[in-house]
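Source file: input35.txt. Holds: compact mmCIF, C-alpha atoms and all ligand atoms.
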# COMPACT_ATOMS: atom_id res chain seq x y z
CA MET A 247 -3.69 18.68 2.32
CA LEU A 248 -6.34 18.93 5.01
CA GLU A 249 -6.91 22.54 6.01
CA VAL A 250 -9.45 24.46 8.03
CA VAL A 251 -11.09 27.15 5.89
CA ASP A 252 -14.01 29.20 7.27
CA ARG A 253 -14.24 26.86 10.26
CA GLN A 254 -14.62 23.82 7.99
CA TYR A 255 -12.22 20.96 7.34
CA CYS A 256 -11.45 21.09 3.61
CA LEU A 257 -9.46 19.32 0.93
CA GLN A 258 -8.45 21.76 -1.81
CA GLY A 259 -11.18 24.10 -0.61
CA VAL A 260 -13.91 21.43 -0.68
CA PRO A 261 -15.45 20.97 2.81
CA LEU A 262 -15.60 17.35 4.00
CA PRO A 263 -19.23 17.60 5.20
CA GLU A 264 -20.17 18.79 1.72
CA ILE A 265 -18.58 15.69 0.20
CA ALA A 266 -20.53 13.58 2.70
CA ARG A 267 -23.75 15.35 1.73
CA GLU A 268 -23.16 14.99 -1.99
CA PHE A 269 -21.96 11.38 -2.07
CA GLY A 270 -23.41 9.98 1.15
CA THR A 271 -21.59 8.03 3.86
CA PRO A 272 -19.52 6.03 4.44
CA THR A 273 -17.22 7.38 1.75
CA TYR A 274 -13.50 7.20 1.21
CA VAL A 275 -12.14 10.51 0.00
CA TYR A 276 -8.62 11.00 -1.39
CA ASP A 277 -6.63 14.16 -1.98
CA ALA A 278 -4.82 14.00 -5.33
CA ASP A 279 -2.33 16.72 -4.38
CA THR A 280 -1.09 14.77 -1.38
CA ILE A 281 -0.46 11.67 -3.50
CA VAL A 282 1.43 13.60 -6.18
CA GLY A 283 3.39 15.44 -3.46
CA GLN A 284 4.53 12.15 -1.93
CA VAL A 285 5.74 10.86 -5.30
CA ASP A 286 7.68 14.11 -5.70
CA ASN A 287 9.25 13.75 -2.24
CA ILE A 288 10.76 10.41 -3.22
CA LYS A 289 11.94 11.77 -6.57
CA LYS A 290 13.63 14.67 -4.80
CA ALA A 291 15.25 12.49 -2.15
CA PHE A 292 16.83 10.17 -4.74
CA GLY A 293 17.42 12.85 -7.35
CA GLY A 294 20.95 11.81 -8.24
CA LEU A 295 20.10 8.21 -9.13
CA LYS A 296 18.37 6.35 -11.94
CA LEU A 297 15.20 5.91 -9.92
CA ARG A 298 12.00 4.00 -10.57
CA ILE A 299 9.11 4.24 -8.15
CA LYS A 300 6.89 1.17 -8.34
CA TYR A 301 3.70 2.01 -6.47
CA ALA A 302 2.50 -1.04 -4.51
CA ALA A 303 -0.96 -1.26 -6.02
CA LYS A 304 -2.40 -3.36 -3.22
CA ALA A 305 -2.60 -0.32 -0.95
CA LEU A 306 -5.32 1.25 -3.10
CA THR A 307 -6.27 -0.05 -6.53
CA ASN A 308 -8.92 2.34 -7.78
CA LEU A 309 -8.28 2.90 -11.51
CA SER A 310 -8.36 6.70 -11.18
CA ILE A 311 -5.76 6.55 -8.41
CA LEU A 312 -3.59 4.28 -10.55
CA ARG A 313 -3.88 6.76 -13.42
CA LEU A 314 -3.03 9.68 -11.16
CA ILE A 315 0.04 7.87 -9.88
CA ARG A 316 1.16 7.06 -13.41
CA GLN A 317 0.75 10.73 -14.37
CA ALA A 318 2.88 11.66 -11.38
CA GLY A 319 5.66 9.55 -12.85
CA ALA A 320 5.52 6.30 -10.91
CA GLU A 321 5.23 2.74 -12.18
CA LEU A 322 3.58 -0.28 -10.57
CA ASP A 323 4.24 -3.28 -8.34
CA CYS A 324 1.48 -5.89 -8.36
CA VAL A 325 0.98 -8.89 -6.12
CA SER A 326 -1.78 -10.66 -8.03
CA ILE A 327 -2.54 -11.24 -11.68
CA GLN A 328 -5.75 -9.28 -11.16
CA GLU A 329 -3.75 -6.25 -10.04
CA VAL A 330 -1.66 -6.65 -13.19
CA HIS A 331 -4.86 -6.52 -15.26
CA LEU A 332 -6.04 -3.43 -13.35
CA GLY A 333 -2.69 -1.75 -13.94
CA LEU A 334 -2.84 -2.44 -17.68
CA ARG A 335 -6.41 -1.22 -17.75
CA ALA A 336 -5.35 2.02 -16.00
CA GLY A 337 -2.85 2.65 -18.78
CA PHE A 338 0.44 1.32 -17.46
CA GLU A 339 2.65 -0.32 -20.07
CA ALA A 340 3.49 -3.93 -19.32
CA SER A 341 7.13 -2.85 -19.16
CA GLU A 342 6.24 -0.54 -16.26
CA ILE A 343 4.77 -3.33 -14.15
CA MET A 344 6.59 -5.64 -11.80
CA TYR A 345 4.71 -8.73 -10.66
CA THR A 346 5.70 -9.89 -7.19
CA PRO A 347 3.53 -12.93 -6.44
CA ASN A 348 3.77 -15.13 -3.42
CA CYS A 349 2.67 -18.78 -3.37
CA VAL A 350 0.92 -18.67 -6.73
CA ALA A 351 0.72 -21.54 -9.19
CA PHE A 352 3.26 -21.53 -12.02
CA SER A 353 0.39 -21.16 -14.49
CA GLU A 354 -0.31 -17.66 -13.10
CA ILE A 355 3.32 -16.74 -13.65
CA GLN A 356 3.10 -17.98 -17.23
CA GLU A 357 0.03 -15.83 -17.71
CA ALA A 358 1.95 -12.80 -16.43
CA VAL A 359 4.90 -13.55 -18.73
CA LYS A 360 2.46 -13.59 -21.65
CA LEU A 361 1.22 -10.16 -20.57
CA GLY A 362 4.81 -8.96 -20.75
CA VAL A 363 5.38 -7.89 -17.14
CA MET A 364 8.56 -8.48 -15.15
CA ILE A 365 8.35 -11.44 -12.78
CA ASN A 366 9.80 -11.23 -9.30
CA ILE A 367 10.49 -14.80 -8.18
CA ASP A 368 10.16 -15.59 -4.52
CA ASN A 369 10.94 -19.29 -4.12
CA LEU A 370 13.35 -21.90 -5.42
CA SER A 371 10.73 -24.25 -6.82
CA ILE A 372 9.27 -21.54 -9.05
CA LEU A 373 12.77 -20.37 -9.94
CA GLU A 374 13.57 -23.85 -11.20
CA GLN A 375 10.34 -24.09 -13.21
CA PHE A 376 10.93 -20.61 -14.60
CA GLY A 377 14.46 -21.53 -15.64
CA ASN A 378 13.38 -24.83 -17.18
CA THR A 379 10.57 -23.14 -19.11
CA TYR A 380 12.16 -19.90 -20.26
CA GLY A 381 15.92 -20.30 -19.85
CA ASN A 382 17.51 -16.98 -20.73
CA SER A 383 14.66 -15.90 -23.01
CA VAL A 384 12.69 -14.07 -20.31
CA PRO A 385 14.59 -11.90 -17.82
CA CYS A 386 13.50 -12.00 -14.20
CA CYS A 387 14.03 -10.52 -10.78
CA ILE A 388 14.69 -12.51 -7.61
CA ARG A 389 13.16 -11.67 -4.26
CA LEU A 390 15.65 -12.27 -1.48
CA ASN A 391 14.98 -12.47 2.21
CA PRO A 392 17.94 -10.97 4.06
CA HIS A 393 16.34 -11.69 7.46
CA ILE A 394 16.36 -8.10 8.57
CA MET A 395 13.64 -7.26 11.04
CA ALA A 396 11.49 -4.35 10.06
CA GLY A 397 9.69 -2.49 12.78
CA GLY A 398 5.94 -2.46 13.03
CA HIS A 399 3.37 -5.09 13.82
CA THR A 400 4.47 -8.73 13.40
CA LYS A 401 1.68 -9.22 10.86
CA ILE A 402 3.33 -6.72 8.50
CA SER A 403 6.92 -7.76 9.04
CA THR A 404 8.17 -10.07 6.29
CA GLY A 405 11.90 -10.28 6.84
CA HIS A 406 12.17 -12.57 9.85
CA ILE A 407 13.47 -16.13 9.66
CA ASP A 408 9.98 -17.68 9.85
CA SER A 409 8.66 -15.49 7.07
CA LYS A 410 7.17 -17.09 3.97
CA PHE A 411 8.49 -14.31 1.74
CA GLY A 412 11.52 -14.34 -0.52
CA ILE A 413 14.39 -16.75 -1.02
CA SER A 414 16.57 -16.87 2.06
CA ILE A 415 19.92 -15.26 1.55
CA LEU A 416 21.27 -18.38 3.26
CA GLN A 417 20.18 -20.42 0.22
CA MET A 418 22.35 -18.41 -2.16
CA ARG A 419 24.44 -21.36 -3.31
CA HIS A 420 21.38 -23.43 -4.18
CA LEU A 421 19.88 -20.42 -5.93
CA LEU A 422 23.02 -19.85 -7.99
CA ARG A 423 23.15 -23.50 -9.01
CA ILE A 424 19.62 -23.20 -10.46
CA VAL A 425 20.48 -19.93 -12.20
CA GLU A 426 23.61 -21.43 -13.76
CA THR A 427 22.17 -24.73 -14.88
CA THR A 428 19.01 -23.20 -16.40
CA HIS A 429 20.85 -20.14 -17.82
CA LEU A 430 18.40 -17.77 -16.16
CA ARG A 431 18.86 -14.10 -16.94
CA VAL A 432 18.56 -12.38 -13.57
CA ILE A 433 18.40 -8.65 -14.15
CA GLY A 434 17.14 -7.54 -10.75
CA LEU A 435 17.34 -8.34 -7.07
CA HIS A 436 14.57 -7.38 -4.68
CA VAL A 437 14.06 -7.12 -0.95
CA HIS A 438 10.97 -6.00 0.91
CA SER A 439 11.26 -6.60 4.60
CA GLY A 440 7.83 -5.38 5.57
CA SER A 441 6.13 -2.15 6.36
CA ASP A 442 7.16 0.42 8.92
CA PHE A 443 10.93 0.37 8.92
CA LEU A 444 12.02 2.49 11.81
CA ASN A 445 15.01 4.25 10.35
CA ALA A 446 17.44 4.77 7.51
CA ASP A 447 20.15 2.72 9.19
CA VAL A 448 18.07 -0.48 9.32
CA PHE A 449 17.25 0.10 5.67
CA LEU A 450 20.92 0.50 4.88
CA LYS A 451 21.83 -2.67 6.72
CA GLY A 452 19.42 -4.57 4.46
CA ALA A 453 20.88 -2.82 1.44
CA GLU A 454 24.41 -3.92 2.32
CA LEU A 455 23.27 -7.55 2.24
CA VAL A 456 21.72 -6.99 -1.19
CA PHE A 457 24.93 -5.38 -2.46
CA GLU A 458 26.83 -8.42 -1.24
CA ALA A 459 24.38 -10.78 -2.93
CA ALA A 460 24.53 -8.74 -6.12
CA GLU A 461 28.17 -9.64 -6.62
CA ASN A 462 26.97 -13.12 -7.61
CA PHE A 463 25.03 -11.85 -10.63
CA ASP A 464 26.68 -10.19 -13.59
CA GLN A 465 23.66 -9.14 -15.68
CA LEU A 466 21.88 -6.94 -13.16
CA GLU A 467 20.07 -3.83 -14.35
CA PHE A 468 18.36 -2.80 -11.13
CA LEU A 469 18.13 -3.34 -7.39
CA ASP A 470 14.68 -3.05 -5.83
CA PHE A 471 14.54 -2.15 -2.16
CA GLY A 472 10.80 -2.65 -1.72
CA SER A 473 9.14 -0.43 0.79
CA GLY A 474 8.86 0.07 4.50
CA PHE A 475 8.49 3.82 4.32
CA LYS A 476 6.70 4.78 7.49
CA VAL A 477 4.12 7.53 7.75
CA ALA A 478 2.73 9.24 10.85
CA TYR A 479 -0.49 7.88 12.26
CA LYS A 480 -0.50 10.14 15.28
CA GLU A 481 1.32 13.17 16.50
CA GLY A 482 4.86 12.41 17.57
CA ASP A 483 5.12 9.16 15.54
CA VAL A 484 8.58 8.41 14.24
CA VAL A 485 8.41 8.56 10.44
CA THR A 486 10.85 7.68 7.69
CA ASN A 487 12.95 10.76 7.05
CA ILE A 488 12.94 10.43 3.30
CA ASP A 489 15.65 13.02 2.71
CA GLU A 490 18.00 11.40 5.20
CA LEU A 491 17.27 8.00 3.68
CA GLY A 492 17.84 9.46 0.22
CA GLN A 493 21.19 10.89 1.17
CA LYS A 494 22.49 7.79 2.92
CA MET A 495 21.12 5.32 0.36
CA SER A 496 22.33 7.35 -2.62
CA LYS A 497 25.86 7.39 -1.27
CA ALA A 498 25.86 3.67 -0.55
CA PHE A 499 24.22 2.84 -3.87
CA GLN A 500 26.66 4.90 -5.92
CA ALA A 501 29.57 3.28 -4.14
CA PHE A 502 28.11 -0.13 -4.93
CA CYS A 503 27.58 0.73 -8.61
CA GLU A 504 31.18 1.83 -8.91
CA GLU A 505 32.35 -1.45 -7.51
CA TYR A 506 29.90 -3.40 -9.66
CA GLY A 507 31.16 -1.58 -12.71
CA ARG A 508 27.86 -0.32 -14.04
CA GLU A 509 25.27 2.26 -13.07
CA LEU A 510 22.17 0.31 -12.04
CA GLU A 511 18.65 1.57 -11.51
CA ILE A 512 17.34 1.85 -7.97
CA TRP A 513 13.72 0.85 -7.44
CA PHE A 514 11.34 1.34 -4.53
CA GLU A 515 7.81 0.07 -3.99
CA PRO A 516 6.02 2.47 -1.68
CA GLY A 517 2.36 1.81 -0.98
CA LYS A 518 1.43 3.44 2.27
CA TYR A 519 3.84 6.32 1.79
CA LEU A 520 2.08 7.46 -1.37
CA VAL A 521 -1.55 7.11 -0.39
CA SER A 522 -2.07 6.67 3.37
CA GLU A 523 -2.24 10.29 4.43
CA ALA A 524 -4.16 11.31 1.31
CA GLY A 525 -7.22 9.33 2.40
CA PHE A 526 -10.08 9.97 4.85
CA LEU A 527 -13.01 7.73 5.64
CA LEU A 528 -16.10 9.89 6.17
CA VAL A 529 -18.70 8.32 8.42
CA HIS A 530 -21.99 9.41 9.91
CA ALA A 531 -22.51 9.42 13.68
CA ASN A 532 -25.65 7.31 14.06
CA VAL A 533 -25.82 6.97 17.81
CA VAL A 534 -24.19 8.57 20.82
CA LYS A 535 -24.55 6.01 23.58
CA THR A 536 -23.50 6.54 27.15
CA THR A 537 -22.80 3.42 29.21
CA PRO A 538 -21.65 3.41 32.85
CA ALA A 539 -18.02 3.35 31.67
CA THR A 540 -17.81 4.96 28.25
CA VAL A 541 -19.40 7.33 25.78
CA PHE A 542 -19.66 5.48 22.48
CA VAL A 543 -20.21 7.00 19.07
CA GLY A 544 -21.72 4.39 16.77
CA VAL A 545 -21.04 5.16 13.12
CA ASP A 546 -22.35 3.84 9.80
CA SER A 547 -19.15 1.92 9.02
CA GLY A 548 -16.84 -0.44 10.84
CA MET A 549 -14.28 -3.21 10.48
CA ASN A 550 -15.91 -4.25 7.21
CA HIS A 551 -14.70 -0.98 5.69
CA LEU A 552 -11.55 -0.28 7.69
CA ILE A 553 -10.13 -3.44 9.21
CA ARG A 554 -6.74 -2.06 10.25
CA PRO A 555 -7.66 -1.11 13.84
CA MET A 556 -9.02 -4.59 14.59
CA MET A 557 -6.45 -6.49 12.50
CA TYR A 558 -3.21 -4.68 13.27
CA ASP A 559 -4.15 -2.59 16.30
CA ALA A 560 -3.56 0.32 13.92
CA TYR A 561 -4.23 3.82 15.15
CA HIS A 562 -6.31 6.04 12.90
CA GLY A 563 -6.84 9.62 14.00
CA ILE A 564 -10.51 10.60 14.16
CA PHE A 565 -12.03 14.07 14.14
CA ASN A 566 -15.46 15.58 14.07
CA ALA A 567 -15.78 17.39 10.75
CA SER A 568 -19.17 18.92 11.61
CA ASN A 569 -18.71 20.73 14.90
CA LEU A 570 -15.43 22.64 14.99
CA ASN A 571 -14.53 24.87 17.90
CA SER A 572 -16.95 23.15 20.29
CA THR A 573 -15.97 21.59 23.60
CA GLU A 574 -13.73 18.57 23.30
CA ARG A 575 -14.90 15.34 24.92
CA ILE A 576 -13.67 11.75 25.08
CA TYR A 577 -15.36 9.15 22.89
CA THR A 578 -14.89 5.58 21.80
CA VAL A 579 -15.83 5.32 18.15
CA VAL A 580 -17.30 1.98 17.15
CA GLY A 581 -18.75 0.53 13.96
CA ASN A 582 -22.13 -1.03 13.29
CA ILE A 583 -20.88 -4.57 12.75
CA CYS A 584 -22.15 -7.35 15.00
CA GLU A 585 -18.78 -8.09 16.48
CA THR A 586 -16.50 -5.85 18.51
CA ASP A 587 -15.30 -3.36 15.96
CA THR A 588 -13.66 -0.43 17.66
CA LEU A 589 -12.31 2.16 15.27
CA GLY A 590 -10.75 4.26 18.01
CA ALA A 591 -10.89 4.06 21.81
CA ASP A 592 -10.83 7.02 24.19
CA ARG A 593 -10.43 9.71 21.58
CA LYS A 594 -10.67 13.38 22.29
CA MET A 595 -12.68 15.27 19.71
CA ASN A 596 -15.12 18.12 19.36
CA GLU A 597 -18.47 17.26 20.87
CA VAL A 598 -20.29 14.70 18.75
CA ARG A 599 -23.99 15.09 18.07
CA GLU A 600 -26.01 12.41 16.32
CA GLY A 601 -25.86 13.29 12.62
CA ASP A 602 -22.33 14.69 12.67
CA ILE A 603 -19.76 13.62 10.10
CA LEU A 604 -16.58 12.10 11.54
CA ALA A 605 -13.43 11.57 9.51
CA LEU A 606 -10.82 8.85 10.01
CA ARG A 607 -7.29 9.72 8.96
CA ASN A 608 -4.68 7.64 7.14
CA ALA A 609 -7.45 5.86 5.32
CA GLY A 610 -5.85 5.92 1.86
CA ALA A 611 -3.73 2.80 2.22
CA TYR A 612 -5.23 -0.60 3.02
CA GLY A 613 -8.63 0.95 3.67
CA PHE A 614 -10.91 0.33 0.75
CA SER A 615 -8.58 -2.32 -0.65
CA MET A 616 -9.07 -4.47 2.46
CA SER A 617 -12.79 -3.78 2.81
CA SER A 618 -15.41 -6.50 2.65
CA ASN A 619 -19.12 -7.11 2.56
CA TYR A 620 -19.15 -8.63 6.06
CA ASN A 621 -22.61 -8.37 7.62
CA SER A 622 -23.81 -8.06 4.02
CA ARG A 623 -23.23 -4.34 4.03
CA PHE A 624 -22.27 -2.37 0.95
CA ARG A 625 -18.70 -1.23 0.52
CA PRO A 626 -18.24 2.55 0.59
CA ALA A 627 -18.11 4.96 -2.31
CA GLU A 628 -14.75 6.50 -3.25
CA VAL A 629 -14.20 10.15 -4.12
CA LEU A 630 -11.08 11.85 -5.48
CA VAL A 631 -10.53 15.54 -4.89
CA TYR A 632 -8.66 16.60 -8.01
CA GLN A 633 -7.97 20.13 -9.17
CA GLY A 634 -10.28 21.64 -6.59
CA LYS A 635 -13.25 19.42 -7.35
CA ALA A 636 -14.68 16.25 -5.80
CA HIS A 637 -15.11 13.42 -8.32
CA LEU A 638 -16.89 10.15 -7.67
CA ILE A 639 -14.43 7.38 -8.62
CA ARG A 640 -16.41 4.40 -7.31
CA ARG A 641 -20.10 4.37 -6.63
CA ARG A 642 -21.50 2.87 -3.48
CA GLU A 643 -22.61 -0.74 -3.87
CA THR A 644 -26.24 -1.74 -4.11
CA MET A 645 -28.27 -4.80 -3.23
CA GLU A 646 -27.80 -5.92 -6.83
CA ASP A 647 -24.03 -5.91 -6.44
CA LEU A 648 -24.38 -8.12 -3.37
CA LEU A 649 -26.55 -10.59 -5.25
CA GLN A 650 -24.65 -10.55 -8.51
CA THR A 651 -22.41 -13.56 -7.92
CA GLN A 652 -24.89 -15.70 -6.02
CA VAL A 653 -26.42 -18.65 -7.79
CA GLU A 654 -29.83 -19.54 -6.43
CA ILE A 655 -30.92 -23.16 -6.66
CA GLU A 656 -34.32 -24.76 -6.13
CA LEU A 657 -34.57 -26.22 -2.65
C1 LIG B 701 2.88 -4.46 0.44
C2 LIG B 701 4.10 -4.38 -0.34
C3 LIG B 701 4.73 -3.14 -0.55
C4 LIG B 701 4.21 -1.84 0.04
O1 LIG B 701 4.33 -1.74 1.42
P1 LIG B 701 3.93 -0.37 2.14
O2 LIG B 701 4.20 -0.59 3.57
O3 LIG B 701 2.49 -0.11 1.88
O4 LIG B 701 4.75 0.71 1.56
C5 LIG B 701 5.85 -3.12 -1.35
N1 LIG B 701 6.34 -4.25 -1.92
C6 LIG B 701 5.77 -5.45 -1.73
C7 LIG B 701 6.34 -6.64 -2.40
C8 LIG B 701 4.64 -5.56 -0.94
O5 LIG B 701 4.09 -6.76 -0.75
I'd like the structure from this file rewritten - as structure tokens, please.
Ligand SMILES: *Cc1c(COP(=O)(O)O)cnc(C)c1O
Amino acid sequence: MLEVVDRQYCLQGVPLPEIAREFGTPTYVYDADTIVGQVDNIKKAFGGLKLRIKYAAKALTNLSILRLIRQAGAELDCVSIQEVHLGLRAGFEASEIMYTPNCVAFSEIQEAVKLGVMINIDNLSILEQFGNTYGNSVPCCIRLNPHIMAGGHTKISTGHIDSKFGISILQMRHLLRIVETTHLRVIGLHVHSGSDFLNADVFLKGAELVFEAAENFDQLEFLDFGSGFKVAYKEGDVVTNIDELGQKMSKAFQAFCEEYGRELEIWFEPGKYLVSEAGFLLVHANVVKTTPATVFVGVDSGMNHLIRPMMYDAYHGIFNASNLNSTERIYTVVGNICETDTLGADRKMNEVREGDILALRNAGAYGFSMSSNYNSRFRPAEVLVYQGKAHLIRRRETMEDLLQTQVEIEL
């Protein structure tokens, strides 16, 4: 957890400016304790059930983070065959990995079957090919779309009627016909209606539809409720009350299992919830620039490293890690990319001097994993604070990395 010790912002006693000095900027830094604590919160909230936590790898795929999460007792949900390979490389067993692809070629699904991971099927055409190819020899999971609207930005909502995700619950009869005629062994049903569910009751409404659908399948071993766990981005944000959700869901789930006649496993796929708050992006204040309207702080990072503000209008808290207890002023923090790349507008923080280290909050999820080399800049280094020590877990890129995949021809 972030704490102020001796007038310095620290993670496990390690001051953030020290990390910036040692590893340079921009650098993503993650607090291992926070990640493990979040896994534990979910375990506690669903204590009475046969629970499996499938960390949504796409939020942050660094191998050391994957290993940490496995140690904490979670498994993995992957959305690309490359993530599956990373998961295996990090030490997950194939049996611990669920593969939830969307719009991939059947050949990629065959590759995943060969690797031994569970396939989560998200459209009828693939379902049919899967059934024709494997019959009942390979069990699978089916991703349903119950058309429940999650909260949050439209770009991260996946449950609406126009969404490309999942098999519409309205197509159940067609789905069942394919399952019956190809003798598919469906052992799981899955829903993930997008990030940032507002409350437990919306979650439960989605669950009821899954329970209803489940009555059509008699070989189920688990129900997977995806994610949507919401974390705070700023003070006063409504967040998922995990204990309340745990209580309400556990009751509903147990009642369902009784009716179904068997105790099933309950699965969740949190991404953001496990890693968002654990991460900070440390940047260097290059320029303080006063215009007639605004005081800008230009930093050595931008939308190439953290695209969420520009892409989703996401709010990331920003603080000055170098100048605590000084006067607070209002700044607009911008990146160094040649395009408007505002990281935070009109933010109050301790006075910024050129050379200060600023930190952006909630940078653990969809930060590094969505970063790019736009403007031909290097992607940041990554550091994990683990057992009171800062460890480099990805070095900063170099010019050689940028050139590595280019093929130069004679012109
Ligand atoms: C992205 C994703 C998640 C994780 O969502 P968060 O909001 O980060 O918790 C879970 N399941 C699936 C299938 C996803 O695509």
Could you check the closest approach to A:Gln633 for each of A:Glu249, A:Glu511, A:Glu461, A:Asp277 and tell me which residue wins, using only C-alpha atoms?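 The closest residue to A:Gln633 is A:Asp277.
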Tell me, counting all atoms listed in the file, for each residue of chain A within 7 Å of ligand LIG 701 (chain B), which pair of atoms is nearest and how far apart they are in Å to one decimal, in rows ordered by chain and increasing number, as CSV.
residue,atom,partner,partner_atom,distance
A:Ala302,CA,B:LIG701,C4,4.9
A:Lys304,CA,B:LIG701,C1,6.5
A:Ala305,CA,B:LIG701,O3,5.8
A:Asp323,CA,B:LIG701,N1,6.8
A:Val325,CA,B:LIG701,O5,6.6
A:Thr346,CA,B:LIG701,C7,5.8
A:His438,CA,B:LIG701,N1,5.7
A:Gly440,CA,B:LIG701,O2,6.3
A:Ser441,CA,B:LIG701,O2,3.7
A:Asp442,CA,B:LIG701,O2,6.2
A:Gly472,CA,B:LIG701,N1,4.7
A:Ser473,CA,B:LIG701,O4,4.6
A:Gly474,CA,B:LIG701,O2,4.8
A:Phe475,CA,B:LIG701,O4,5.6
A:Glu515,CA,B:LIG701,C5,4.6
A:Pro516,CA,B:LIG701,O4,3.9
A:Gly517,CA,B:LIG701,O3,3.4
A:Lys518,CA,B:LIG701,O3,3.7
A:Tyr519,CA,B:LIG701,O4,5.7
A:Ala611,CA,B:LIG701,O3,6.9
Do you have the atom CA of A:Gln254-atom CA of A:Leu312 distance handy?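 Pair atom CA of A:Gln254 / atom CA of A:Leu312 returns 29.1 Å.
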In Å, with one decimal, what is the gap from atom CA of A:Ser615 to atom CA of A:Thr307? 6.7 Å
Which one is closest to A:Ala303: A:Leu630, A:Met418, A:Ile315, A:Ile265? Count only C-alpha atoms. A:Ile315
Considering only C-alpha atoms, tabulate each residue of stretch 438-542 of chain A that lies at most 9 Å from stretch 370-389 of chain A along with its nearest interatomic pair and the corresponding distance in Å to one decimal; arrange the rows by chain and ascending residue number and present them as a tab-separated table.
residue	atom	partner	partner_atom	distance
A:His438	CA	A:Arg389	CA	8.0
A:Leu466	CA	A:Cys387	CA	9.0
A:Phe468	CA	A:Cys387	CA	8.9
A:Leu469	CA	A:Cys387	CA	8.9
A:Asp470	CA	A:Arg389	CA	8.9
Pairwise distance for atom CA of A:Val275 and atom CA of A:Arg575, rounded to one decimal in Å: 25.5 Å
Per-residue nearest contacts stretch 418-485 of chain A to stretch 550-561 of chain A, cut-off 10 Å, using only C-alpha atoms, as a tab-separated table:
residue	atom	partner	partner_atom	distance
A:Ala478	CA	A:Tyr561	CA	9.8
A:Tyr479	CA	A:Tyr561	CA	6.2
A:Lys480	CA	A:Tyr561	CA	7.3
